[in-house]
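**Q** Here you go, upload20.txt (compact mmCIF, C-alpha atoms):
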# COMPACT_ATOMS: atom_id res chain seq x y z
CA MET E 923 27.83 -55.40 -43.26
CA SER E 924 24.84 -54.68 -41.04
CA LYS E 925 26.08 -51.14 -40.41
CA LEU E 926 26.60 -50.60 -44.13
CA ALA E 927 23.11 -51.91 -44.87
CA GLY E 928 21.64 -49.64 -42.19
CA LEU E 929 23.50 -46.66 -43.65
CA GLY E 930 22.00 -47.42 -47.06
CA VAL E 931 18.50 -47.40 -45.59
CA VAL E 932 19.24 -44.10 -43.80
CA VAL E 933 20.42 -42.44 -47.02
CA GLY E 934 17.54 -43.86 -49.06
CA ALA E 935 14.87 -42.79 -46.57
CA ALA E 936 16.35 -39.31 -46.19
CA ALA E 937 16.66 -38.88 -49.97
CA LEU E 938 13.05 -39.94 -50.58
CA PHE E 939 11.74 -37.62 -47.85
CA ILE E 940 13.83 -34.64 -49.03
CA VAL E 941 12.84 -35.06 -52.68
CA LEU E 942 9.12 -35.34 -51.88
CA CYS E 943 9.28 -32.26 -49.61
CA GLY E 944 11.11 -30.37 -52.34
CA PHE E 945 8.55 -31.39 -54.93
CA ASN E 946 5.71 -30.37 -52.60
CA GLY E 947 7.35 -26.97 -52.26
CA LEU E 948 7.73 -26.57 -56.02
CA ARG E 949 4.11 -27.63 -56.53
CA ASP E 950 2.83 -25.04 -54.04
CA TYR E 951 5.14 -22.42 -55.57
CA SER E 952 3.85 -23.17 -59.10
CA LEU E 953 0.19 -23.17 -58.09
CA ALA E 954 0.59 -19.89 -56.21
CA PHE E 955 1.10 -18.03 -59.50
CA SER E 956 -2.26 -19.08 -60.87
CA SER E 957 -4.47 -20.06 -57.96
CA PHE E 958 -4.31 -16.74 -56.11
CA VAL E 959 -6.20 -15.01 -58.96
CA ASP E 960 -8.74 -17.80 -59.25
CA PRO E 961 -11.99 -17.64 -57.28
CA ASP E 962 -12.87 -20.37 -54.78
CA LEU E 963 -15.86 -21.31 -56.95
CA LYS E 964 -16.79 -20.41 -60.50
CA ILE E 965 -20.27 -20.88 -61.99
CA VAL E 966 -20.35 -21.31 -65.77
CA PRO E 967 -23.10 -22.46 -68.17
CA VAL E 968 -22.86 -25.99 -69.57
CA LYS E 969 -24.20 -25.53 -73.13
CA THR E 970 -23.56 -21.87 -73.95
CA LYS E 971 -20.81 -19.27 -73.59
CA THR E 972 -22.99 -16.86 -71.64
CA PHE E 973 -26.11 -16.90 -69.49
CA ILE E 974 -28.61 -14.44 -68.06
CA ILE E 975 -28.20 -13.93 -64.33
CA ASN E 976 -31.63 -13.55 -62.76
CA ASP E 977 -32.99 -12.91 -59.28
CA SER E 978 -33.60 -16.61 -58.64
CA LEU E 979 -29.98 -17.50 -59.34
CA LEU E 980 -28.69 -14.65 -57.18
CA LYS E 981 -31.01 -15.71 -54.36
CA ASP E 982 -29.54 -19.23 -54.35
CA ILE E 983 -26.04 -17.79 -54.13
CA LEU E 984 -26.77 -15.19 -51.46
CA GLN E 985 -28.31 -17.87 -49.23
CA LEU E 986 -24.95 -19.61 -48.87
CA ASP E 987 -23.67 -19.27 -45.30
CA ASN E 988 -20.09 -19.67 -46.59
CA LEU E 989 -20.38 -16.79 -49.11
CA LEU E 990 -18.00 -13.86 -48.66
CA SER E 991 -18.43 -12.07 -52.01
CA TYR E 992 -19.21 -12.67 -55.67
CA SER E 993 -18.32 -10.97 -58.93
CA LYS E 994 -19.95 -11.05 -62.37
CA THR E 995 -17.49 -11.57 -65.21
CA VAL E 996 -17.44 -11.59 -69.00
CA GLU E 997 -14.55 -13.24 -70.86
CA GLU E 998 -13.91 -13.06 -74.60
CA ASN E 999 -11.13 -12.70 -77.15
CA VAL E 1000 -10.84 -9.22 -78.68
CA PHE E 1001 -8.45 -7.44 -81.00
CA LEU E 1002 -6.38 -4.76 -79.25
CA SER E 1003 -5.02 -2.15 -81.62
CA THR E 1004 -2.61 0.74 -81.08
CA ASN E 1005 -1.38 3.36 -83.55
CA GLU E 1006 1.40 1.06 -84.66
CA THR E 1007 0.36 -2.56 -84.13
CA GLY E 1008 -2.24 -4.90 -82.69
CA ASP E 1009 -2.91 -8.42 -81.48
CA VAL E 1010 -5.70 -10.78 -80.43
CA ILE E 1011 -5.82 -11.01 -76.65
CA SER E 1012 -8.21 -12.24 -73.95
CA ALA E 1013 -10.32 -9.61 -72.23
CA LYS E 1014 -11.93 -10.18 -68.86
CA GLY E 1015 -14.64 -7.76 -67.80
CA VAL E 1016 -15.08 -7.60 -64.01
CA SER E 1017 -17.58 -5.82 -61.80
CA GLU E 1018 -16.87 -3.39 -58.98
CA PHE E 1019 -17.05 -6.33 -56.56
CA PHE E 1020 -13.89 -7.93 -57.97
CA PRO E 1021 -11.86 -8.89 -54.84
CA SER E 1022 -9.53 -6.15 -53.63
CA LYS E 1023 -7.23 -8.85 -52.23
CA THR E 1024 -6.68 -10.18 -55.74
CA ILE E 1025 -6.15 -6.67 -57.12
CA ASP E 1026 -3.52 -5.90 -54.47
CA SER E 1027 -1.77 -9.20 -55.26
CA ILE E 1028 -1.42 -8.70 -59.01
CA LEU E 1029 -1.26 -4.92 -59.59
CA PHE E 1030 2.34 -3.66 -59.61
CA ASP E 1031 2.11 -0.35 -61.52
CA GLY E 1032 -0.59 2.29 -61.94
CA GLU E 1033 -4.09 1.75 -60.53
CA TRP E 1034 -7.15 -0.44 -60.94
CA ILE E 1035 -10.16 0.31 -63.14
CA TYR E 1036 -12.25 3.04 -61.52
CA SER E 1037 -14.18 4.44 -64.50
CA SER E 1038 -15.43 3.50 -67.96
CA ASN E 1039 -13.16 3.10 -71.00
CA GLN E 1040 -10.24 1.89 -68.89
CA ILE E 1041 -8.18 -1.31 -68.97
CA VAL E 1042 -5.47 -2.89 -66.87
CA SER E 1043 -2.99 -4.89 -68.96
CA GLY E 1044 -0.60 -7.70 -68.34
CA TRP E 1045 2.92 -6.27 -68.48
CA GLY E 1046 3.71 -8.70 -71.31
CA VAL E 1047 0.82 -7.41 -73.45
CA ALA E 1048 1.84 -3.79 -72.80
CA ASN E 1049 5.47 -4.56 -73.58
CA LYS E 1050 4.64 -6.48 -76.75
CA LEU E 1051 2.39 -3.70 -78.09
CA SER E 1052 4.61 -0.89 -76.76
CA TYR E 1053 2.33 1.10 -74.50
CA GLY E 1054 2.49 2.11 -70.86
CA VAL E 1055 0.33 3.45 -68.05
CA TYR E 1056 -1.68 6.53 -69.10
CA ASP E 1057 0.21 6.52 -72.41
CA TYR E 1058 -1.99 8.89 -74.41
CA SER E 1059 0.51 8.94 -77.27
CA LYS E 1060 -0.64 5.42 -78.15
CA GLY E 1061 -4.34 5.32 -78.88
CA ILE E 1062 -5.69 1.96 -77.72
CA THR E 1063 -8.83 0.53 -79.32
CA LEU E 1064 -10.60 -2.77 -78.64
CA TYR E 1065 -12.41 -4.47 -81.52
CA ALA E 1066 -14.92 -7.33 -81.36
CA PRO E 1067 -17.07 -8.88 -84.13
CA LYS E 1068 -20.66 -7.70 -84.15
CA PRO E 1069 -23.25 -10.45 -83.65
CA GLY E 1070 -25.72 -11.12 -86.45
CA LYS E 1071 -25.89 -12.45 -90.01
CA LYS E 1072 -26.12 -9.23 -92.00
CA GLN E 1073 -24.10 -8.78 -95.17
CA ILE E 1074 -20.72 -7.19 -94.41
CA LEU E 1075 -20.29 -3.96 -96.38
CA SER E 1076 -17.61 -2.22 -94.30
CA ILE E 1077 -15.34 -2.66 -91.28
CA ASN E 1078 -17.72 -0.56 -89.20
CA ASP E 1079 -20.51 -3.01 -90.01
CA SER E 1080 -18.34 -5.95 -88.98
CA PHE E 1081 -16.76 -4.81 -85.71
CA SER E 1082 -17.71 -2.94 -82.57
CA LYS E 1083 -14.96 -0.80 -81.15
CA LEU E 1084 -14.14 0.82 -77.83
CA ASN E 1085 -11.44 3.45 -77.27
CA VAL E 1086 -9.72 2.87 -73.94
CA VAL E 1087 -6.76 4.00 -71.86
CA ASN E 1088 -4.47 1.68 -69.95
CA VAL E 1089 -4.42 2.72 -66.27
CA GLY E 1090 -2.35 -0.09 -64.75
CA LEU E 1091 -0.16 -3.15 -65.23
CA PHE E 1092 -0.49 -6.54 -63.53
CA GLU E 1093 1.80 -9.54 -63.11
CA ILE E 1094 0.46 -13.07 -62.54
CA ASN E 1095 2.39 -15.59 -64.63
CA GLU E 1096 3.98 -15.61 -68.05
CA ALA E 1097 0.98 -17.15 -69.82
CA LEU E 1098 -1.52 -14.59 -68.50
CA ASP E 1099 0.85 -11.61 -68.53
CA PHE E 1100 1.23 -11.95 -72.32
CA SER E 1101 -2.40 -12.71 -73.16
CA LEU E 1102 -4.85 -10.98 -70.79
CA ILE E 1103 -6.30 -7.57 -70.02
CA TYR E 1104 -8.96 -6.58 -67.49
CA THR E 1105 -11.79 -4.20 -68.39
CA GLY E 1106 -14.89 -2.92 -66.70
CA LEU E 1107 -17.81 -5.34 -66.94
CA LYS E 1108 -20.17 -2.84 -68.58
CA ASP E 1109 -17.53 -1.77 -71.13
CA LEU E 1110 -16.96 -5.31 -72.33
CA GLN E 1111 -20.70 -6.07 -72.38
CA LYS E 1112 -21.22 -3.00 -74.55
CA LEU E 1113 -18.37 -3.97 -76.88
CA LEU E 1114 -19.73 -7.51 -77.32
CA GLY E 1115 -23.35 -6.45 -77.67
CA TYR E 1116 -24.46 -8.17 -74.45
CA ASN E 1117 -27.29 -6.91 -72.30
CA GLU E 1118 -26.83 -5.83 -68.70
CA ASN E 1119 -27.53 -9.24 -67.13
CA GLN E 1120 -25.67 -11.35 -69.72
CA ILE E 1121 -22.39 -12.71 -68.32
CA SER E 1122 -19.88 -15.50 -68.92
CA SER E 1123 -19.45 -16.63 -65.32
CA LEU E 1124 -20.04 -15.82 -61.70
CA GLU E 1125 -16.95 -15.93 -59.47
CA ILE E 1126 -17.41 -16.62 -55.76
CA ILE E 1127 -15.08 -16.02 -52.82
CA LEU E 1128 -15.80 -18.11 -49.73
CA LYS E 1129 -15.35 -17.36 -46.05
CA ASP E 1130 -13.84 -20.83 -45.55
CA ALA E 1131 -12.05 -22.10 -48.67
CA VAL E 1132 -11.52 -25.51 -47.05
CA ARG E 1133 -15.27 -26.11 -47.45
CA SER E 1134 -15.23 -25.36 -51.17
CA GLU E 1135 -16.24 -28.90 -52.21
CA GLU E 1136 -19.12 -28.90 -49.73
CA THR E 1137 -20.34 -25.49 -50.91
CA ALA E 1138 -19.94 -26.49 -54.56
CA GLY E 1139 -22.12 -29.54 -53.90
CA LEU E 1140 -24.86 -27.36 -52.40
CA LEU E 1141 -24.77 -25.02 -55.41
CA ARG E 1142 -24.90 -27.91 -57.89
CA SER E 1143 -28.01 -29.29 -56.22
CA LYS E 1144 -29.68 -25.84 -56.36
CA LEU E 1145 -28.64 -24.79 -59.86
CA GLY E 1146 -29.29 -28.08 -61.63
CA SER E 1147 -27.72 -29.50 -64.77
CA ASP E 1148 -27.64 -26.23 -66.73
CA PHE E 1149 -24.67 -24.94 -64.77
CA ARG E 1150 -21.24 -26.26 -63.85
CA VAL E 1151 -19.72 -25.25 -60.50
CA LYS E 1152 -15.92 -25.46 -60.63
CA THR E 1153 -13.61 -25.43 -57.62
CA LYS E 1154 -10.15 -23.88 -57.68
CA GLU E 1155 -8.61 -27.30 -58.37
CA GLN E 1156 -10.96 -27.92 -61.29
CA LEU E 1157 -10.13 -24.53 -62.79
CA ASN E 1158 -6.49 -25.68 -62.94
CA ASP E 1159 -7.14 -29.37 -63.54
CA THR E 1160 -4.52 -29.67 -66.30
CA LEU E 1161 -1.83 -28.17 -64.08
CA TYR E 1162 -2.85 -30.37 -61.14
CA LYS E 1163 -2.80 -33.50 -63.29
CA MET E 1164 0.64 -32.64 -64.65
CA LEU E 1165 2.06 -31.98 -61.17
CA ASN E 1166 0.52 -35.17 -59.76
CA THR E 1167 1.97 -37.22 -62.63
CA GLU E 1168 5.40 -35.70 -62.07
CA GLU E 1169 5.18 -36.39 -58.32
CA ILE E 1170 4.37 -40.06 -58.98
CA ALA E 1171 7.31 -40.31 -61.39
CA VAL E 1172 9.69 -38.74 -58.85
CA TYR E 1173 8.38 -41.06 -56.12
CA LEU E 1174 8.93 -44.16 -58.29
CA VAL E 1175 12.47 -43.11 -59.24
CA PHE E 1176 13.57 -42.56 -55.66
CA THR E 1177 11.74 -45.67 -54.47
CA LEU E 1178 13.96 -47.53 -56.94
CA VAL E 1179 16.97 -45.92 -55.23
CA LEU E 1180 15.65 -47.20 -51.89
CA ILE E 1181 15.15 -50.69 -53.36
CA ILE E 1182 18.78 -50.71 -54.50
CA ALA E 1183 19.86 -49.66 -51.00
CA LEU E 1184 17.84 -52.55 -49.52
CA PHE E 1185 19.80 -55.01 -51.66
CA ASN E 1186 22.63 -54.30 -49.22
CA LEU E 1187 20.35 -55.43 -46.41
CA ILE E 1188 19.55 -58.69 -48.20
CA SER E 1189 23.23 -59.29 -48.94
CA SER E 1190 24.34 -58.58 -45.37
CA ILE E 1191 21.79 -60.96 -43.84
CA ILE E 1192 22.62 -63.72 -46.34
CA ILE E 1193 26.35 -63.37 -45.54
CA MET E 1194 25.51 -63.44 -41.82
CA VAL E 1195 23.48 -66.64 -42.29
CA LEU E 1196 26.38 -68.30 -44.07
CA GLU E 1197 28.88 -67.17 -41.40
CA LYS E 1198 26.69 -68.40 -38.53
CA ARG E 1199 25.93 -71.86 -39.88
CA ASN E 1200 27.57 -73.60 -36.92
CA ASN E 1201 25.63 -71.45 -34.47
CA LEU E 1202 22.43 -72.22 -36.33
CA LYS E 1203 23.14 -75.96 -36.03
CA THR E 1204 23.61 -75.54 -32.29
CA LEU E 1205 20.30 -73.67 -31.99
CA TYR E 1206 18.55 -76.31 -34.10
CA ASN E 1207 19.94 -79.17 -32.03
CA SER E 1208 18.99 -77.31 -28.83
CA GLY E 1209 15.33 -77.45 -29.82
CA ALA E 1210 14.82 -74.28 -31.90
CA THR E 1211 12.58 -74.94 -34.86
CA HIS E 1212 13.41 -74.03 -38.44
CA GLY E 1213 10.68 -71.37 -38.42
CA GLU E 1214 12.01 -69.76 -35.24
CA ILE E 1215 15.51 -69.53 -36.69
CA LYS E 1216 14.14 -67.88 -39.85
CA LYS E 1217 12.27 -65.37 -37.69
CA ILE E 1218 15.56 -64.29 -36.06
CA PHE E 1219 16.91 -63.02 -39.38
CA PHE E 1220 13.54 -61.69 -40.50
CA TYR E 1221 13.24 -59.58 -37.36
CA GLN E 1222 16.85 -58.50 -37.67
CA GLY E 1223 16.13 -57.18 -41.14
CA LEU E 1224 13.02 -55.37 -39.87
CA ILE E 1225 14.97 -53.81 -36.98
CA ILE E 1226 17.68 -52.53 -39.35
CA THR E 1227 14.95 -51.17 -41.65
CA LEU E 1228 13.04 -49.48 -38.83
CA LEU E 1229 16.11 -47.91 -37.23
CA GLY E 1230 17.56 -46.83 -40.59
CA GLY E 1231 14.21 -45.49 -41.81
CA ALA E 1232 13.53 -43.56 -38.60
CA THR E 1233 17.03 -42.08 -38.63
CA GLY E 1234 16.73 -41.12 -42.30
CA LEU E 1235 13.34 -39.49 -41.73
CA PHE E 1236 14.70 -37.54 -38.77
CA LEU E 1237 17.75 -36.31 -40.70
CA GLY E 1238 15.61 -35.40 -43.72
CA PHE E 1239 13.16 -33.54 -41.47
CA LEU E 1240 16.01 -31.57 -39.87
CA LEU E 1241 17.41 -30.59 -43.27
CA MET E 1242 13.99 -29.47 -44.55
CA LEU E 1243 13.35 -27.55 -41.33
CA MET E 1244 16.71 -25.78 -41.74
CA GLN E 1245 15.80 -24.95 -45.34
CA GLN E 1246 12.50 -23.40 -44.25
CA LYS E 1247 14.06 -21.39 -41.43
CA PHE E 1248 17.47 -20.44 -42.82
CA SER E 1249 17.20 -20.85 -46.64
CA VAL E 1250 20.32 -23.02 -46.89
CA PHE E 1251 19.81 -23.88 -50.58
CA MET E 1252 19.08 -21.04 -53.00
CA ILE E 1253 17.74 -21.09 -56.57
CA THR E 1254 18.84 -17.50 -57.14
CA SER E 1255 20.46 -14.97 -54.85
CA SER E 1256 17.02 -13.83 -53.67
CA LEU E 1257 14.91 -16.99 -54.02
CA ALA E 1258 15.28 -19.93 -51.64
CA TYR E 1259 14.44 -23.42 -52.87
CA PRO E 1260 10.82 -23.94 -51.76
CA VAL E 1261 10.06 -26.94 -49.54
CA SER E 1262 6.86 -28.05 -47.84
CA ILE E 1263 6.81 -30.50 -44.92
CA GLU E 1264 3.51 -32.38 -44.84
CA LEU E 1265 2.21 -35.23 -42.69
CA SER E 1266 1.35 -37.19 -45.83
CA THR E 1267 5.04 -37.18 -46.79
CA PHE E 1268 5.97 -38.83 -43.47
CA LEU E 1269 3.27 -41.45 -44.04
CA ILE E 1270 4.29 -42.16 -47.65
CA VAL E 1271 7.98 -42.59 -46.79
CA SER E 1272 7.24 -44.67 -43.67
CA VAL E 1273 4.87 -47.05 -45.46
CA THR E 1274 7.28 -47.40 -48.39
CA ILE E 1275 10.23 -48.23 -46.10
CA LEU E 1276 8.22 -50.71 -44.01
CA ALA E 1277 6.81 -52.47 -47.08
CA LEU E 1278 10.12 -52.73 -48.92
CA GLY E 1279 12.03 -53.57 -45.72
CA GLY E 1280 9.55 -56.34 -44.93
CA VAL E 1281 9.95 -57.83 -48.41
CA ALA E 1282 13.76 -57.57 -48.20
CA SER E 1283 13.78 -59.22 -44.76
CA LYS E 1284 11.50 -62.02 -46.00
CA ILE E 1285 13.73 -62.67 -49.00
CA SER E 1286 16.92 -62.73 -46.94
CA SER E 1287 15.47 -64.96 -44.19
CA SER E 1288 14.29 -67.48 -46.80
CA VAL E 1289 17.95 -68.47 -47.24
CA VAL E 1290 17.70 -70.28 -43.89
CA THR E 1291 16.48 -73.61 -45.24
CA LYS E 1292 16.21 -76.90 -43.36
CA GLU E 1293 18.99 -78.32 -45.50
CA LEU E 1294 21.30 -75.43 -44.61
CA VAL E 1295 20.66 -75.82 -40.87
CA GLY E 1296 21.02 -79.56 -41.02
CA LYS E 1297 24.27 -79.39 -43.01
CA ALA E 1298 25.78 -76.65 -40.89
Translate the structure described by the file into structure tokens.
**A**
Amino acid sequence: MSKLAGLGVVVGAAALFIVLCGFNGLRDYSLAFSSFVDPDLKIVPVKTKTFIINDSLLKDILQLDNLLSYSKTVEENVFLSTNETGDVISAKGVSEFFPSKTIDSILFDGEWIYSSNQIVSGWGVANKLSYGVYDYSKGITLYAPKPGKKQILSINDSFSKLNVVNVGLFEINEALDFSLIYTGLKDLQKLLGYNENQISSLEIILKDAVRSEETAGLLRSKLGSDFRVKTKEQLNDTLYKMLNTEEIAVYLVFTLVLIIALFNLISSIIIMVLEKRNNLKTLYNSGATHGEIKKIFFYQGLIITLLGGATGLFLGFLLMLMQQKFSVFMITSSLAYPVSIELSTFLIVSVTILALGGVASKISSSVVTKELVGKA
């Protein structure tokens, strides 16, 4: 019975460790499709959609010792029209300082914006509206409402327009691929009627991304309450919250599996107590106290838990290491199931096993009552 109980702890510990490592891998894999295009920090106005970037603001940013580069951006919904169809999409105007690392990561066909009146489209947008790279047979025009309160007499009075050519296609994730295009900053400012220094946000790339919270704190103290400084996590806060909630749910489900496995431990110790009643009477009559006899079974339960938990962790670690090195389990023929081995996972599983094992040992040792020892 003790061996069976130990085996249950081994399986439960290994299962909990493997599932958490697998979920960590899926989380990192999911975030990689959005976070690699996000800046380390993003400065946006609190009360308005746009703000005027002045020398004082730039000075505060350039003084950061952790600053690698920054890029001015304008973001707005526009209507993209071709000869045959059209749709409302998001346009992001970027400056010439937009990170080349990001461009190289997302661009898979054509080239990046190098002149005016050019766009780079998500492949989903291009596919939906049926145009390609340097497809001059499909005239592409961007429309945006003109600011102001004048009476509308014609379409030309209502909308600004910009004729563009698509010079490249990018791929990030399904949501952005079907809803986003990149344009030159000045082109989008002109289309929206903004002046040269009017932007939606300022995107910052840091030398050391690990210090993003520290750098964000410095910027917040300098910029004041008129601006919000968002870290990469805050830019994807909905996704992070969803993944964290799912991880907690997975943890609770497999902790329940471990609890069920520890019922075997409780059962085995209770059966052992009942089988050893005569031996317990001998110990009691030899001078062992009731508390000391209870401790024997409590420590036995802890030992089984510790050995089973350590063995399960070791086996789970070996399996995850094999998955990382040799891609044993595949999602598709070309994509291995992602796993991530983290120190926090070892700590979570270890603490869970120790806590539950201690409770199980306490429950099982409580069967050793004075009446049971005396009647044995």
**Q** Hey, what's within 12 Å of E:Met1194 if we count all atoms listed in the file and toss same-chain stuff fewer than 6 positions away? As a list in words, please?
**A**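 Near neighbours after the sequence-gap exclusion: Met923, Ser924, Leu1187, Ile1188, Asn1200, Asn1201, Leu1202, Ile1218, Phe1219, Gln1222, Gly1223, Ser1286, Ser1287, Val1289 and Val1290 of chain E.
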**Q** Pick from E:Val933, E:Ile1028, E:Leu1110, E:Ile1035: nearest to E:Val1000, with only C-alpha atoms counted?
**A** E:Leu1110
**Q** When you look at stretch 1151-1159 of chain E with a cut-off of 12 Å (counting all atoms listed in the file), what residues show up, excluding the ones that are within fewer than 6 positions of it in the same chain? I need them as a PDB file with C-alpha atoms, keeping the file's coordinate frame.
**A**
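Listing of part_9.pdb after writing:
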ATOM      1  CA  SER E 952       3.850 -23.170 -59.100  1.00  0.00           C
ATOM      2  CA  LEU E 953       0.190 -23.170 -58.090  1.00  0.00           C
ATOM      3  CA  ALA E 954       0.590 -19.890 -56.210  1.00  0.00           C
ATOM      4  CA  PHE E 955       1.100 -18.030 -59.500  1.00  0.00           C
ATOM      5  CA  SER E 956      -2.260 -19.080 -60.870  1.00  0.00           C
ATOM      6  CA  SER E 957      -4.470 -20.060 -57.960  1.00  0.00           C
ATOM      7  CA  PHE E 958      -4.310 -16.740 -56.110  1.00  0.00           C
ATOM      8  CA  VAL E 959      -6.200 -15.010 -58.960  1.00  0.00           C
ATOM      9  CA  ASP E 960      -8.740 -17.800 -59.250  1.00  0.00           C
ATOM     10  CA  PRO E 961     -11.990 -17.640 -57.280  1.00  0.00           C
ATOM     11  CA  ASP E 962     -12.870 -20.370 -54.780  1.00  0.00           C
ATOM     12  CA  LEU E 963     -15.860 -21.310 -56.950  1.00  0.00           C
ATOM     13  CA  LYS E 964     -16.790 -20.410 -60.500  1.00  0.00           C
ATOM     14  CA  ILE E 965     -20.270 -20.880 -61.990  1.00  0.00           C
ATOM     15  CA  VAL E 966     -20.350 -21.310 -65.770  1.00  0.00           C
ATOM     16  CA  PRO E 967     -23.100 -22.460 -68.170  1.00  0.00           C
ATOM     17  CA  VAL E 968     -22.860 -25.990 -69.570  1.00  0.00           C
ATOM     18  CA  ILE E 983     -26.040 -17.790 -54.130  1.00  0.00           C
ATOM     19  CA  SER E1123     -19.450 -16.630 -65.320  1.00  0.00           C
ATOM     20  CA  LEU E1124     -20.040 -15.820 -61.700  1.00  0.00           C
ATOM     21  CA  GLU E1125     -16.950 -15.930 -59.470  1.00  0.00           C
ATOM     22  CA  ILE E1126     -17.410 -16.620 -55.760  1.00  0.00           C
ATOM     23  CA  ILE E1127     -15.080 -16.020 -52.820  1.00  0.00           C
ATOM     24  CA  LEU E1128     -15.800 -18.110 -49.730  1.00  0.00           C
ATOM     25  CA  ALA E1131     -12.050 -22.100 -48.670  1.00  0.00           C
ATOM     26  CA  VAL E1132     -11.520 -25.510 -47.050  1.00  0.00           C
ATOM     27  CA  ARG E1133     -15.270 -26.110 -47.450  1.00  0.00           C
ATOM     28  CA  SER E1134     -15.230 -25.360 -51.170  1.00  0.00           C
ATOM     29  CA  GLU E1135     -16.240 -28.900 -52.210  1.00  0.00           C
ATOM     30  CA  GLU E1136     -19.120 -28.900 -49.730  1.00  0.00           C
ATOM     31  CA  THR E1137     -20.340 -25.490 -50.910  1.00  0.00           C
ATOM     32  CA  ALA E1138     -19.940 -26.490 -54.560  1.00  0.00           C
ATOM     33  CA  GLY E1139     -22.120 -29.540 -53.900  1.00  0.00           C
ATOM     34  CA  LEU E1140     -24.860 -27.360 -52.400  1.00  0.00           C
ATOM     35  CA  LEU E1141     -24.770 -25.020 -55.410  1.00  0.00           C
ATOM     36  CA  ARG E1142     -24.900 -27.910 -57.890  1.00  0.00           C
ATOM     37  CA  SER E1143     -28.010 -29.290 -56.220  1.00  0.00           C
ATOM     38  CA  LYS E1144     -29.680 -25.840 -56.360  1.00  0.00           C
ATOM     39  CA  LEU E1145     -28.640 -24.790 -59.860  1.00  0.00           C
ATOM     40  CA  LEU E1165       2.060 -31.980 -61.170  1.00  0.00           C
ATOM     41  CA  ASN E1166       0.520 -35.170 -59.760  1.00  0.00           C
TER      42      ASN E1166
END
**Q** Record the distance separating atom CA of E:Gly928 and atom CA of E:Leu1229, expressed in Å with one decimal.
**A**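 Going from atom CA of E:Gly928 over to atom CA of E:Leu1229, I get 7.6 Å.
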**Q** Near E:Tyr1259, within 9 Å and counting all atoms listed in the file, which residues show up once chain neighbours fewer than 6 positions away are dropped, as a PyMOL selection string?
**A** chain E and resi 944+947-948+1245-1246+1249-1253
**Q** Mind dumping a table of every stretch 1109-1210 of chain E residue within 12 Å of stretch 1038-1061 of chain E, with the nearest atom pair and its distance in Å to one decimal, using only C-alpha atoms, sorted by chain and rising number, as CSV?
**A**
residue,atom,partner,partner_atom,distance
E:Asp1109,CA,E:Ser1038,CA,6.5
E:Leu1110,CA,E:Asn1039,CA,9.3
E:Gln1111,CA,E:Ser1038,CA,11.8
E:Lys1112,CA,E:Asn1039,CA,10.7
E:Leu1113,CA,E:Asn1039,CA,10.6
**Q** Compare E:Phe945, E:Asn988, E:Ala935, E:Thr1211 by their minimum atom-to-atom distance to E:Ile1270, counting only C-alpha atoms, and give me the closest one.
**A** E:Ala935
**Q** What's the 10 Å shell around stretch 1272-1277 of chain E, counting all atoms listed in the file, without same-chain residues fewer than 6 positions away, as a list of chain:residue names?
**A**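 The neighbour list is E:Val931, E:Gly934, E:Ala935, E:Leu938, E:Phe939, E:Thr1177, E:Leu1180, E:Ile1181, E:Leu1184, E:Leu1224, E:Thr1227, E:Leu1228, E:Gly1230, E:Gly1231, E:Ala1232, E:Leu1235, E:Ser1266, E:Ser1283.
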**Q** Given the choices E:Thr1291, E:Ser1101, E:Thr1204, E:Asn1119, which gets closest to E:Thr972 if the distance is worked out from all atoms listed in the file?
**A** E:Asn1119
**Q** Let me make sure I understand: among E:Leu1241, E:Ile1215, E:Leu942, E:Ala1097, which one has the smallest atom-to-atom distance to E:Phe1268 if we use all atoms listed in the file?
**A**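 Under the stated criterion, the closest residue is E:Leu942.
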**Q** Kindly give the distance, in Å, that separates atom CA of E:Gly1090 and atom CA of E:Ser1122, rounded to a single decimal.
**A**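 Separating atom CA of E:Gly1090 from atom CA of E:Ser1122 is a distance of 23.7 Å.
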**Q** Could I get stretch 1224-1231 of chain E from the block written as a PDB file, in the first residue's frame, with N, CA and C atoms?
**A**
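Final file, out_28.pdb:
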ATOM      1  N   LEU E1224       5.105  12.018   5.543  1.00  0.00           N
ATOM      2  CA  LEU E1224       5.947  13.070   4.969  1.00  0.00           C
ATOM      3  C   LEU E1224       7.067  12.485   4.111  1.00  0.00           C
ATOM      4  N   ILE E1225       7.676  11.378   4.601  1.00  0.00           N
ATOM      5  CA  ILE E1225       8.771  10.757   3.844  1.00  0.00           C
ATOM      6  C   ILE E1225       8.277  10.247   2.493  1.00  0.00           C
ATOM      7  N   ILE E1226       7.100   9.581   2.506  1.00  0.00           N
ATOM      8  CA  ILE E1226       6.525   9.086   1.248  1.00  0.00           C
ATOM      9  C   ILE E1226       6.239  10.261   0.312  1.00  0.00           C
ATOM     10  N   THR E1227       5.707  11.349   0.884  1.00  0.00           N
ATOM     11  CA  THR E1227       5.402  12.540   0.075  1.00  0.00           C
ATOM     12  C   THR E1227       6.665  13.151  -0.518  1.00  0.00           C
ATOM     13  N   LEU E1228       7.705  13.301   0.314  1.00  0.00           N
ATOM     14  CA  LEU E1228       8.946  13.912  -0.143  1.00  0.00           C
ATOM     15  C   LEU E1228       9.621  13.072  -1.223  1.00  0.00           C
ATOM     16  N   LEU E1229       9.718  11.765  -0.975  1.00  0.00           N
ATOM     17  CA  LEU E1229      10.368  10.891  -1.955  1.00  0.00           C
ATOM     18  C   LEU E1229       9.567  10.833  -3.256  1.00  0.00           C
ATOM     19  N   GLY E1230       8.236  10.687  -3.122  1.00  0.00           N
ATOM     20  CA  GLY E1230       7.381  10.634  -4.312  1.00  0.00           C
ATOM     21  C   GLY E1230       7.400  11.945  -5.075  1.00  0.00           C
ATOM     22  N   GLY E1231       7.335  13.080  -4.338  1.00  0.00           N
ATOM     23  CA  GLY E1231       7.360  14.381  -4.988  1.00  0.00           C
ATOM     24  C   GLY E1231       8.670  14.648  -5.705  1.00  0.00           C
TER      25      GLY E1231
END
